[in-house]
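Novice: For reference, the structure I am asking about is given below.
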Protein chains: 2
Amino acid sequence: MSDFTLGRLNHVGIATPSIERSIALYRDVLGATHIGEPFDLPAQGVKVCFIDTPNTQIELIEPYDDSSPIAGFLRKNPAGGQHHVCFEVPEIHAAVAALKAKGVTILGEPRIGAHGTPIVFIHPKDMGGVLVEVMETPAEAHG
Amino acid sequence: MSDFTLGRLNHVGIATPSIERSIALYRDVLGATHIGEPFDLPAQGVKVCFIDTPNTQIELIEPYDDSSPIAGFLRKNPAGGQHHVCFEVPEIHAAVAALKAKGVTILGEPRIGAHGTPIVFIHPKDMGGVLVEVMETPAEAHG
């Protein structure tokens with residue numbers, strides 16, 4: 001049994017060598033109409049951009065620093081690709097404690113993510129090869 | 001300009017060597033409570049299982065046929081991983097015509113997908129390395 005229930009899929013994280021080109025794809029090919037302004041997350045060495053769908057978001061992620069984990073992902077996947085999925089939890093420290101109690105490997109300590117609330121990542125080895133971000137639900141949650 | 005606007009993210013498709021083990025992860029680690037019965041999609045040589053989040057779904061996909069495209073994905077990613085994202089469109093033939101008019105490569109002809117409505121896939125080379133499924137909105141849409 002889990003100590004929290006599966007929350008909203010806040011976003012799907014997609015790595016790209018060029019946020020500008022990816023924005024053009026989501027806008028011109030798929031018809032995205034709600035595209036945020038790209039902004040830097042210096043702690044992670046990446047630039048991010050959120051694109052709204054009616055029920056969730058796509059997070060485009062472009063590294064500007066070769067030491068970024070995203071840079072490593074792009075060396076293996078030069079065209080870009082799906083990088084992670086992010087689920088919301090009510091409170092990050094309770095979620096981390098519950099996950100650790102289940103023997104799940106948490107990557108690092110809770111830190112402030114792109115939505116301004118604390119996040120952690122679960123090691124893909126514990127989630128069937130999928131990198132899972134766990135995010136405290138933003139106060140001004142949409143949808 | 002697109003001829004349709006970006007629709008709901010119907011699901012994230014996740015390939016797994018074992019739907020049974022993946023169901024246990026989403027249930028026991030992440031607290032999923034709405035887990036469908038796995039079922040076969042013989043045309044694709046896969047078994048699938050939908051897990052509900054409050055706003056979208058996770059589609060677990062396990063190949064039972066070595067010729068399945070999912071089997072090839074798992075040879076490269078033995079632990080499993082994120083395989084595709086699926087966006088809804090109002091009408092599949094109009095969407096395919098609009099996508100082809102933009103020079104996008106569509107993989108095959110519209111066929112009936114796991115939700116019983118027609119779907120196609122866009123080649124990842126045209127979507128920044130991401131395999132994108134386009135699905136006609138199911139009649140009994142949730143959320």
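Here, A, B, ... name the chains of the structure tokens in the order displayed, residue numbers run from 1 inside each chain, and ligands are numbered from 1 in the same displayed order.
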Could you give me, as number ranges by chain, each residue of chain B that DSSP assigns to helix (DSSP H, G or I) when run on this structure's backbone?
Specialist: B: 19-28, 42-44, 69-76, 92-101, 124-126
Novice: Could you please tell me, as a PyMOL selection string, which residues of chain B have an atom within 9 Å of chain A when using only C-alpha atoms?
Specialist: chain B and resi 1-10+12+14-17+21-22+25-33+52-57+77-85+87+98-99+102+104+124-131+143
Novice: Would you output that residue set with C-alpha atoms, as an mmCIF file, in the first residue's frame?
Specialist:
```cif
data_model
loop_
_atom_site.group_PDB
_atom_site.id
_atom_site.type_symbol
_atom_site.label_atom_id
_atom_site.label_comp_id
_atom_site.auth_asym_id
_atom_site.auth_seq_id
_atom_site.Cartn_x
_atom_site.Cartn_y
_atom_site.Cartn_z
ATOM 1 C CA MET B 1 -0.594 27.417 -38.327
ATOM 2 C CA SER B 2 -2.180 24.156 -37.362
ATOM 3 C CA ASP B 3 -5.649 23.183 -38.563
ATOM 4 C CA PHE B 4 -6.559 21.806 -35.164
ATOM 5 C CA THR B 5 -5.591 22.894 -31.691
ATOM 6 C CA LEU B 6 -3.634 20.759 -29.262
ATOM 7 C CA GLY B 7 -6.086 18.454 -27.523
ATOM 8 C CA ARG B 8 -6.070 16.580 -24.233
ATOM 9 C CA LEU B 9 -3.123 14.397 -23.413
ATOM 10 C CA ASN B 10 -5.115 11.178 -23.506
ATOM 11 C CA VAL B 12 1.450 8.513 -21.788
ATOM 12 C CA ILE B 14 5.010 3.256 -21.187
ATOM 13 C CA ALA B 15 6.659 0.085 -22.456
ATOM 14 C CA THR B 16 7.346 -2.652 -19.932
ATOM 15 C CA PRO B 17 8.670 -6.194 -20.003
ATOM 16 C CA ARG B 21 5.249 -5.933 -12.278
ATOM 17 C CA SER B 22 4.548 -2.413 -13.579
ATOM 18 C CA LEU B 25 4.891 -0.363 -9.027
ATOM 19 C CA TYR B 26 2.206 2.160 -9.928
ATOM 20 C CA ARG B 27 -0.086 0.739 -7.232
ATOM 21 C CA ASP B 28 2.374 0.176 -4.389
ATOM 22 C CA VAL B 29 4.962 2.906 -5.004
ATOM 23 C CA LEU B 30 2.858 5.714 -6.492
ATOM 24 C CA GLY B 31 -0.520 4.858 -4.995
ATOM 25 C CA ALA B 32 -2.556 4.258 -8.173
ATOM 26 C CA THR B 33 -6.099 3.227 -7.241
ATOM 27 C CA ASP B 52 -6.001 6.484 -14.323
ATOM 28 C CA THR B 53 -4.485 9.576 -12.829
ATOM 29 C CA PRO B 54 -6.935 12.351 -11.850
ATOM 30 C CA ASN B 55 -6.419 14.081 -15.204
ATOM 31 C CA THR B 56 -5.086 11.546 -17.734
ATOM 32 C CA GLN B 57 -3.954 7.941 -18.067
ATOM 33 C CA ASN B 77 15.527 -0.327 -23.114
ATOM 34 C CA PRO B 78 15.303 -3.657 -21.275
ATOM 35 C CA ALA B 79 13.886 -2.147 -18.078
ATOM 36 C CA GLY B 80 11.114 -0.388 -20.020
ATOM 37 C CA GLY B 81 10.553 3.327 -20.436
ATOM 38 C CA GLN B 82 8.434 6.115 -21.838
ATOM 39 C CA HIS B 83 7.341 5.082 -25.329
ATOM 40 C CA HIS B 84 4.864 7.682 -26.664
ATOM 41 C CA VAL B 85 2.486 10.495 -25.807
ATOM 42 C CA PHE B 87 -3.070 13.676 -27.898
ATOM 43 C CA ALA B 98 -3.772 18.552 -41.963
ATOM 44 C CA LEU B 99 -0.612 16.845 -40.725
ATOM 45 C CA LYS B 102 2.401 20.192 -43.285
ATOM 46 C CA VAL B 104 4.611 15.398 -41.451
ATOM 47 C CA PRO B 124 9.425 10.864 -34.141
ATOM 48 C CA LYS B 125 11.759 12.516 -36.667
ATOM 49 C CA ASP B 126 9.044 15.118 -37.217
ATOM 50 C CA MET B 127 8.367 15.714 -33.505
ATOM 51 C CA GLY B 128 11.771 16.213 -31.915
ATOM 52 C CA GLY B 129 12.434 12.534 -31.249
ATOM 53 C CA VAL B 130 9.071 11.987 -29.533
ATOM 54 C CA LEU B 131 6.691 9.322 -30.836
ATOM 55 C CA GLY B 143 -12.002 14.032 -17.123
#
```
Novice: Measure the distance from CA of Val48 in chain A to CA of Gly13 in chain B in Å and round it to one decimal.
Specialist: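 Spanning CA of Val48 in chain A to CA of Gly13 in chain B is a straight-line distance of 22.7 Å.
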Novice: Give me the residues near Ser67 in chain B as a ChimeraX atom specification, where near means some atom within 12 Å (using only C-alpha atoms) and where sequence neighbours in that chain fewer than 6 positions away do not count.
Specialist: /B:42-46,73-75
Novice: So how many Å separate CA of Ile122 in chain B and CA of Asp65 in chain B, to one decimal?
Specialist: 22.6 Å
